[in-house]
$ cat model.tsv   # TSV, C-alpha atoms
chain	number	residue	atom	x	y	z
K	10	ASP	CA	-11.19	45.77	13.05
K	11	PHE	CA	-8.57	48.52	12.81
K	12	ASP	CA	-6.32	46.47	10.52
K	13	LYS	CA	-8.70	46.43	7.53
K	14	ASP	CA	-8.62	48.92	4.69
K	15	GLN	CA	-12.15	50.10	5.44
K	16	PRO	CA	-12.47	52.72	8.18
K	17	THR	CA	-14.13	51.99	11.46
K	18	ILE	CA	-16.47	54.82	12.39
K	19	PHE	CA	-17.58	55.60	15.93
K	20	ASN	CA	-20.44	58.03	16.41
K	21	LEU	CA	-19.76	59.34	19.89
K	22	GLY	CA	-22.50	61.93	19.93
K	23	VAL	CA	-24.48	62.13	23.15
K	24	SER	CA	-27.84	63.82	23.27
K	25	ALA	CA	-27.73	67.34	24.78
K	26	ASP	CA	-23.91	67.47	24.80
K	27	ASN	CA	-22.14	70.77	24.41
K	28	THR	CA	-18.44	71.64	24.16
K	29	GLU	CA	-17.96	71.37	27.92
K	30	ASP	CA	-19.22	67.76	27.80
K	31	ILE	CA	-16.98	66.98	24.83
K	32	LEU	CA	-13.95	68.37	26.65
K	33	ALA	CA	-14.62	66.08	29.60
K	34	ARG	CA	-14.48	62.92	27.50
K	35	ILE	CA	-12.88	63.42	24.08
K	36	GLU	CA	-9.30	62.72	25.15
K	37	ASN	CA	-10.08	59.37	26.81
K	38	GLU	CA	-12.43	58.31	24.02
K	39	THR	CA	-9.83	59.11	21.38
K	40	LYS	CA	-7.07	57.29	23.23
K	41	ALA	CA	-9.36	54.26	23.62
K	42	ARG	CA	-9.73	54.13	19.83
K	43	THR	CA	-6.04	54.42	18.99
K	44	ARG	CA	-4.62	51.05	18.00
K	45	HIS	CA	-1.12	49.92	17.06
K	46	GLY	CA	0.12	53.51	17.03
K	47	LYS	CA	-2.37	54.40	14.27
K	48	LEU	CA	-3.91	57.74	15.18
K	49	PRO	CA	-7.60	58.16	14.34
K	50	ILE	CA	-9.19	60.88	12.27
K	51	VAL	CA	-11.36	62.94	14.60
K	52	ILE	CA	-14.41	64.78	13.27
K	53	VAL	CA	-16.09	67.23	15.63
K	54	GLN	CA	-19.55	68.65	15.04
K	55	ILE	CA	-20.70	70.62	18.08
K	56	GLY	CA	-22.33	73.96	18.73
K	57	VAL	CA	-26.11	73.74	18.41
K	58	ASN	CA	-26.58	72.87	22.08
K	59	ASP	CA	-23.97	75.43	23.12
K	60	SER	CA	-26.02	78.12	21.34
K	61	SER	CA	-29.36	77.18	22.89
K	62	LEU	CA	-31.13	79.21	25.54
K	63	ARG	CA	-32.58	77.81	28.74
K	64	GLY	CA	-34.30	80.08	31.18
K	65	GLY	CA	-33.23	83.04	29.05
K	66	ARG	CA	-29.53	82.14	29.37
K	67	VAL	CA	-27.28	80.76	26.69
K	68	GLN	CA	-25.96	77.27	27.54
K	69	VAL	CA	-22.33	78.07	26.67
K	70	GLY	CA	-21.43	81.67	25.83
K	71	LEU	CA	-19.82	82.38	22.49
K	72	GLU	CA	-16.42	83.28	23.97
K	73	ALA	CA	-16.45	80.15	26.17
K	74	TYR	CA	-17.43	78.11	23.10
K	75	ARG	CA	-14.41	79.46	21.20
K	76	LYS	CA	-12.10	78.68	24.12
K	77	ASN	CA	-13.58	75.17	24.40
K	78	LEU	CA	-12.94	74.58	20.69
K	79	GLU	CA	-9.34	75.71	21.18
K	80	MET	CA	-8.95	73.27	24.09
K	81	ILE	CA	-10.46	70.47	21.97
K	82	ILE	CA	-7.91	71.26	19.24
K	83	ASN	CA	-5.02	71.27	21.71
K	84	LYS	CA	-6.13	67.92	23.15
K	85	MET	CA	-6.71	66.32	19.75
K	86	LEU	CA	-3.76	67.43	17.65
K	87	PRO	CA	-1.31	65.05	19.38
K	88	LEU	CA	-3.88	62.22	19.36
K	89	SER	CA	-5.28	62.37	15.83
K	90	SER	CA	-3.92	61.96	12.33
K	91	LYS	CA	-6.37	64.63	11.16
K	92	LEU	CA	-8.85	66.86	12.96
K	93	ILE	CA	-11.89	68.09	11.08
K	94	PHE	CA	-14.58	70.49	12.29
K	95	VAL	CA	-18.05	70.23	10.75
K	96	GLY	CA	-20.58	73.05	11.00
K	97	SER	CA	-24.11	72.89	12.35
K	98	SER	CA	-27.50	72.22	10.83
K	99	ALA	CA	-30.26	74.82	10.94
K	100	CYS	CA	-33.46	74.41	12.94
K	101	ASP	CA	-37.18	75.01	12.38
K	102	GLU	CA	-37.83	77.83	14.83
K	103	SER	CA	-41.58	77.28	14.72
K	104	LYS	CA	-40.85	74.10	16.70
K	105	THR	CA	-37.77	75.16	18.69
K	106	THR	CA	-38.88	78.31	20.49
K	107	PRO	CA	-39.23	76.39	22.77
K	108	VAL	CA	-38.79	72.70	21.91
K	109	SER	CA	-41.50	70.25	22.94
K	110	TRP	CA	-39.30	68.49	25.51
K	111	GLY	CA	-38.40	71.44	27.73
K	112	GLU	CA	-37.68	75.12	28.08
K	113	TYR	CA	-34.87	75.11	25.54
K	114	TYR	CA	-34.88	77.63	22.72
K	115	TYR	CA	-32.94	77.15	19.50
K	116	ARG	CA	-32.66	80.01	17.00
K	117	ASN	CA	-31.00	80.00	13.61
K	118	ARG	CA	-29.22	83.31	14.07
K	119	ASP	CA	-27.51	81.88	17.17
K	120	ILE	CA	-26.66	78.55	15.53
K	121	LYS	CA	-25.14	80.44	12.59
K	122	ARG	CA	-23.06	82.64	14.91
K	123	TYR	CA	-21.63	79.52	16.58
K	124	GLU	CA	-20.86	77.91	13.22
K	125	ASP	CA	-19.10	81.13	12.18
K	126	ALA	CA	-17.09	81.04	15.43
K	127	MET	CA	-16.10	77.43	14.70
K	128	ARG	CA	-14.98	78.45	11.21
K	129	THR	CA	-12.85	81.26	12.65
K	130	VAL	CA	-11.20	79.02	15.25
K	131	ALA	CA	-10.55	76.37	12.59
K	132	GLN	CA	-8.89	78.96	10.35
K	133	GLU	CA	-6.75	80.30	13.20
K	134	TYR	CA	-5.52	76.78	14.01
K	135	HIS	CA	-5.33	75.57	10.39
K	136	ILE	CA	-7.96	72.91	11.05
K	137	SER	CA	-10.16	71.66	8.24
K	138	PHE	CA	-13.69	73.07	8.42
K	139	ILE	CA	-16.77	71.92	6.52
K	140	PRO	CA	-19.66	74.42	6.61
K	141	VAL	CA	-23.19	73.03	6.83
K	142	PHE	CA	-25.62	75.68	8.08
K	143	ASP	CA	-26.35	77.70	4.92
K	144	GLU	CA	-26.88	74.71	2.63
K	145	PHE	CA	-28.93	72.85	5.21
K	146	MET	CA	-31.07	75.95	5.83
K	147	ALA	CA	-31.68	76.25	2.08
K	148	ALA	CA	-32.70	72.57	1.94
K	149	THR	CA	-35.15	72.98	4.82
K	150	ASN	CA	-36.69	75.96	3.04
K	151	GLU	CA	-37.13	73.89	-0.13
K	152	ARG	CA	-38.31	70.67	1.49
K	153	LYS	CA	-40.51	70.58	4.55
K	154	GLY	CA	-40.32	67.76	7.06
K	155	LEU	CA	-36.53	67.34	7.30
K	156	LEU	CA	-36.68	68.29	11.00
K	157	PRO	CA	-39.78	66.61	12.45
K	158	ASP	CA	-39.19	67.99	15.97
K	159	GLY	CA	-37.64	71.19	14.65
K	160	LEU	CA	-34.09	70.27	15.65
K	161	HIS	CA	-33.12	66.69	14.81
K	162	PRO	CA	-32.99	65.60	11.15
K	163	ASN	CA	-34.98	62.57	10.04
K	164	ASN	CA	-33.52	60.08	7.53
K	165	GLU	CA	-34.05	62.48	4.63
K	166	GLY	CA	-32.52	65.32	6.66
K	167	HIS	CA	-29.48	63.17	7.45
K	168	GLN	CA	-29.16	62.35	3.75
K	169	VAL	CA	-29.10	66.10	3.03
K	170	MET	CA	-26.36	66.53	5.66
K	171	TYR	CA	-24.43	63.63	4.14
K	172	GLU	CA	-24.60	65.19	0.67
K	173	ILE	CA	-23.41	68.54	2.04
K	174	VAL	CA	-20.45	67.01	3.87
K	175	LYS	CA	-19.51	64.14	1.51
K	176	GLN	CA	-17.70	66.02	-1.25
K	177	ARG	CA	-15.79	68.36	1.04
K	178	LEU	CA	-14.89	65.53	3.42
K	179	SER	CA	-13.39	63.53	0.54
K	180	GLU	CA	-11.29	66.56	-0.39
K	181	VAL	CA	-10.17	67.09	3.22
K	182	LEU	CA	-9.24	63.45	3.68
K	183	ASP	CA	-7.23	63.46	0.45
K	184	GLU	CA	-5.24	66.53	1.54
K	185	GLY	CA	-1.78	65.44	2.49
K	186	ALA	CA	-2.55	61.79	1.74

$ encode --input "model.tsv" --output "structure tokens"
Amino acid sequence: DFDKDQPTIFNLGVSADNTEDILARIENETKARTRHGKLPIVIVQIGVNDSSLRGGRVQVGLEAYRKNLEMIINKMLPLSSKLIFVGSSACDESKTTPVSWGEYYYRNRDIKRYEDAMRTVAQEYHISFIPVFDEFMAATNERKGLLPDGLHPNNEGHQVMYEIVKQRLSEVLDEGA
């Protein structure tokens, strides 16, 4: 219920989505979750799939990724009370070059480049940005098993992500409150 003090959270992630997929649906999905003139907070975490290779070709080139992020910002600013970008988790390349479910290749140097591009776009547009990659990479180096398939965090991996994002997200949400 949108009228309660507690937030309602919608996880609208779709497996294999990239920024092009987000662009096709984010505006309608945000409008559908706007009630009584109260604009939602929109948190976007996207880039790992954009950075992946299939058949030797990147899914979404870095420049197209940047442009897609800019279009997401332009669509969301009028529809959200706050827009927050969250960086990407690292992968276990021993299991992602390629992944077990297809000819997709995920590499940390590419994921990091896309997170850096997101940071740059966020800075240019004065959008809040929460980095994830470096801390998550450090956690995966310390603790094995956070990424059972090499790409998707298990419960412990999601807890690590939560801890990385929690403090900074609280600060971002309190800004301008």

$ residues_near_point --input "model.tsv" --point "(-13.2, 62.7, 13.2)" --cutoff "10 Å" --atoms "only C-alpha atoms" --output "number ranges by chain"
K: 18-21, 39, 49-54, 85, 89-95

$ closest_residue --input "model.tsv" --among "K:Asn164, K:Asn150, K:Asn77, K:Thr43" --to "K:Thr28" --atoms "only C-alpha atoms"
K:Asn77

$ residues_near_point --input "model.tsv" --point "(-37.2, 69.0, 4.5)" --cutoff "12 Å" --atoms "all atoms listed in the file" --output "ChimeraX atom specification"
/K:99-101,144-170

$ atom_distance --input "model.tsv" --atom1 "atom CA of K:Val141" --atom2 "atom CA of K:Ile173"
6.6 Å

$ closest_residue --input "model.tsv" --among "K:Thr129, K:Ser109, K:Ser137, K:Thr17" --to "K:Tyr74" --atoms "all atoms listed in the file"
K:Thr129

$ atom_distance --input "model.tsv" --atom1 "atom CA of K:Asp26" --atom2 "atom CA of K:Asn58"
6.6 Å

$ closest_residue --input "model.tsv" --among "K:Lys47, K:Arg75, K:Arg177, K:Lys104" --to "K:Arg128" --atoms "all atoms listed in the file"
K:Arg75

$ atom_distance --input "model.tsv" --atom1 "atom CA of K:Ser97" --atom2 "atom CA of K:Ile81"
16.9 Å

$ axis_aligned_box --input "model.tsv" --around "stretch 147-157 of chain K" --padding-each-side "5 Å" --output "JSON"
{"center_x": -36.1, "center_y": 71.4, "center_z": 6.2, "size_x": 18.8, "size_y": 19.6, "size_z": 22.6}

$ residues_around --input "model.tsv" --residues "K:Val67" --least-positions-apart "6" --cutoff "12 Å" --atoms "all atoms listed in the file" --output "number ranges by chain"
K: 27, 56-61, 73-74, 112-116, 119-120, 123

$ residues_around --input "model.tsv" --residues "K:Lys76" --least-positions-apart "2" --cutoff "12 Å" --atoms "all atoms listed in the file" --output "ChimeraX atom specification"
/K:28-29,32,69-74,78-83,126-127,129-131

$ closest_residue --input "model.tsv" --among "K:Leu86, K:Lys121, K:Lys175, K:Ala25" --to "K:Tyr134" --atoms "all atoms listed in the file"
K:Leu86

$ decode --input "model.tsv" --residues "stretch 123-151 of chain K" --atoms "N, CA, C and O atoms" --output "mmCIF file, in the first residue's frame"
data_model
loop_
_atom_site.group_PDB
_atom_site.id
_atom_site.type_symbol
_atom_site.label_atom_id
_atom_site.label_comp_id
_atom_site.auth_asym_id
_atom_site.auth_seq_id
_atom_site.Cartn_x
_atom_site.Cartn_y
_atom_site.Cartn_z
ATOM 1 N N TYR K 123 32.201 -0.608 -17.554
ATOM 2 C CA TYR K 123 30.809 -0.171 -17.640
ATOM 3 C C TYR K 123 30.378 0.499 -16.336
ATOM 4 O O TYR K 123 29.646 1.489 -16.360
ATOM 5 N N GLU K 124 30.845 -0.006 -15.199
ATOM 6 C CA GLU K 124 30.522 0.678 -13.946
ATOM 7 C C GLU K 124 31.147 2.069 -13.941
ATOM 8 O O GLU K 124 30.502 3.038 -13.529
ATOM 9 N N ASP K 125 32.383 2.175 -14.411
ATOM 10 C CA ASP K 125 33.033 3.489 -14.486
ATOM 11 C C ASP K 125 32.267 4.442 -15.409
ATOM 12 O O ASP K 125 32.142 5.635 -15.110
ATOM 13 N N ALA K 126 31.750 3.911 -16.517
ATOM 14 C CA ALA K 126 30.951 4.745 -17.425
ATOM 15 C C ALA K 126 29.673 5.210 -16.737
ATOM 16 O O ALA K 126 29.273 6.373 -16.884
ATOM 17 N N MET K 127 29.045 4.329 -15.962
ATOM 18 C CA MET K 127 27.839 4.713 -15.223
ATOM 19 C C MET K 127 28.168 5.818 -14.226
ATOM 20 O O MET K 127 27.420 6.795 -14.103
ATOM 21 N N ARG K 128 29.288 5.681 -13.537
ATOM 22 C CA ARG K 128 29.708 6.704 -12.571
ATOM 23 C C ARG K 128 29.871 8.059 -13.268
ATOM 24 O O ARG K 128 29.397 9.078 -12.789
ATOM 25 N N THR K 129 30.518 8.056 -14.425
ATOM 26 C CA THR K 129 30.756 9.288 -15.174
ATOM 27 C C THR K 129 29.445 9.933 -15.609
ATOM 28 O O THR K 129 29.249 11.144 -15.447
ATOM 29 N N VAL K 130 28.542 9.141 -16.153
ATOM 30 C CA VAL K 130 27.240 9.673 -16.579
ATOM 31 C C VAL K 130 26.490 10.225 -15.367
ATOM 32 O O VAL K 130 25.898 11.305 -15.434
ATOM 33 N N ALA K 131 26.513 9.494 -14.260
ATOM 34 C CA ALA K 131 25.834 9.965 -13.048
ATOM 35 C C ALA K 131 26.402 11.314 -12.599
ATOM 36 O O ALA K 131 25.640 12.219 -12.256
ATOM 37 N N GLN K 132 27.712 11.449 -12.627
ATOM 38 C CA GLN K 132 28.335 12.716 -12.231
ATOM 39 C C GLN K 132 27.929 13.844 -13.172
ATOM 40 O O GLN K 132 27.615 14.947 -12.728
ATOM 41 N N GLU K 133 27.924 13.564 -14.472
ATOM 42 C CA GLU K 133 27.572 14.598 -15.451
ATOM 43 C C GLU K 133 26.142 15.088 -15.256
ATOM 44 O O GLU K 133 25.846 16.254 -15.491
ATOM 45 N N TYR K 134 25.256 14.192 -14.833
ATOM 46 C CA TYR K 134 23.841 14.536 -14.669
ATOM 47 C C TYR K 134 23.461 14.788 -13.207
ATOM 48 O O TYR K 134 22.278 14.949 -12.899
ATOM 49 N N HIS K 135 24.437 14.782 -12.320
ATOM 50 C CA HIS K 135 24.200 15.005 -10.892
ATOM 51 C C HIS K 135 23.207 13.984 -10.321
ATOM 52 O O HIS K 135 22.302 14.337 -9.561
ATOM 53 N N ILE K 136 23.418 12.742 -10.715
ATOM 54 C CA ILE K 136 22.607 11.618 -10.233
ATOM 55 C C ILE K 136 23.415 10.894 -9.165
ATOM 56 O O ILE K 136 24.623 10.702 -9.309
ATOM 57 N N SER K 137 22.764 10.456 -8.115
ATOM 58 C CA SER K 137 23.454 9.692 -7.080
ATOM 59 C C SER K 137 23.978 8.388 -7.670
ATOM 60 O O SER K 137 23.288 7.721 -8.450
ATOM 61 N N PHE K 138 25.195 8.022 -7.273
ATOM 62 C CA PHE K 138 25.815 6.791 -7.750
ATOM 63 C C PHE K 138 26.429 6.043 -6.567
ATOM 64 O O PHE K 138 27.139 6.642 -5.748
ATOM 65 N N ILE K 139 26.149 4.759 -6.487
ATOM 66 C CA ILE K 139 26.699 3.912 -5.433
ATOM 67 C C ILE K 139 27.577 2.857 -6.098
ATOM 68 O O ILE K 139 27.067 1.979 -6.802
ATOM 69 N N PRO K 140 28.900 2.937 -5.908
ATOM 70 C CA PRO K 140 29.790 1.947 -6.518
ATOM 71 C C PRO K 140 29.689 0.603 -5.797
ATOM 72 O O PRO K 140 29.468 0.557 -4.592
ATOM 73 N N VAL K 141 29.875 -0.472 -6.543
ATOM 74 C CA VAL K 141 29.776 -1.816 -5.989
ATOM 75 C C VAL K 141 30.973 -2.682 -6.376
ATOM 76 O O VAL K 141 31.476 -3.462 -5.579
ATOM 77 N N PHE K 142 31.445 -2.553 -7.604
ATOM 78 C CA PHE K 142 32.373 -3.509 -8.189
ATOM 79 C C PHE K 142 33.593 -3.803 -7.317
ATOM 80 O O PHE K 142 33.885 -4.964 -7.021
ATOM 81 N N ASP K 143 34.342 -2.791 -6.935
ATOM 82 C CA ASP K 143 35.602 -3.007 -6.221
ATOM 83 C C ASP K 143 35.394 -3.746 -4.900
ATOM 84 O O ASP K 143 36.122 -4.697 -4.598
ATOM 85 N N GLU K 144 34.436 -3.313 -4.118
ATOM 86 C CA GLU K 144 34.177 -3.981 -2.833
ATOM 87 C C GLU K 144 33.671 -5.397 -3.026
ATOM 88 O O GLU K 144 34.044 -6.303 -2.284
ATOM 89 N N PHE K 145 32.812 -5.592 -4.031
ATOM 90 C CA PHE K 145 32.297 -6.943 -4.267
ATOM 91 C C PHE K 145 33.425 -7.849 -4.751
ATOM 92 O O PHE K 145 33.520 -9.003 -4.334
ATOM 93 N N MET K 146 34.280 -7.341 -5.623
ATOM 94 C CA MET K 146 35.421 -8.111 -6.108
ATOM 95 C C MET K 146 36.305 -8.527 -4.939
ATOM 96 O O MET K 146 36.746 -9.676 -4.854
ATOM 97 N N ALA K 147 36.581 -7.596 -4.032
ATOM 98 C CA ALA K 147 37.393 -7.910 -2.852
ATOM 99 C C ALA K 147 36.728 -9.008 -2.016
ATOM 100 O O ALA K 147 37.399 -9.928 -1.540
ATOM 101 N N ALA K 148 35.413 -8.935 -1.859
ATOM 102 C CA ALA K 148 34.691 -9.950 -1.078
ATOM 103 C C ALA K 148 34.775 -11.322 -1.745
ATOM 104 O O ALA K 148 34.939 -12.337 -1.067
ATOM 105 N N THR K 149 34.678 -11.350 -3.070
ATOM 106 C CA THR K 149 34.751 -12.648 -3.761
ATOM 107 C C THR K 149 36.155 -13.222 -3.693
ATOM 108 O O THR K 149 36.328 -14.443 -3.737
ATOM 109 N N ASN K 150 37.161 -12.364 -3.575
ATOM 110 C CA ASN K 150 38.527 -12.854 -3.420
ATOM 111 C C ASN K 150 38.764 -13.416 -2.022
ATOM 112 O O ASN K 150 39.567 -14.324 -1.845
ATOM 113 N N GLU K 151 38.076 -12.848 -1.034
ATOM 114 C CA GLU K 151 38.207 -13.312 0.349
ATOM 115 C C GLU K 151 37.376 -14.558 0.630
ATOM 116 O O GLU K 151 37.799 -15.429 1.375
#
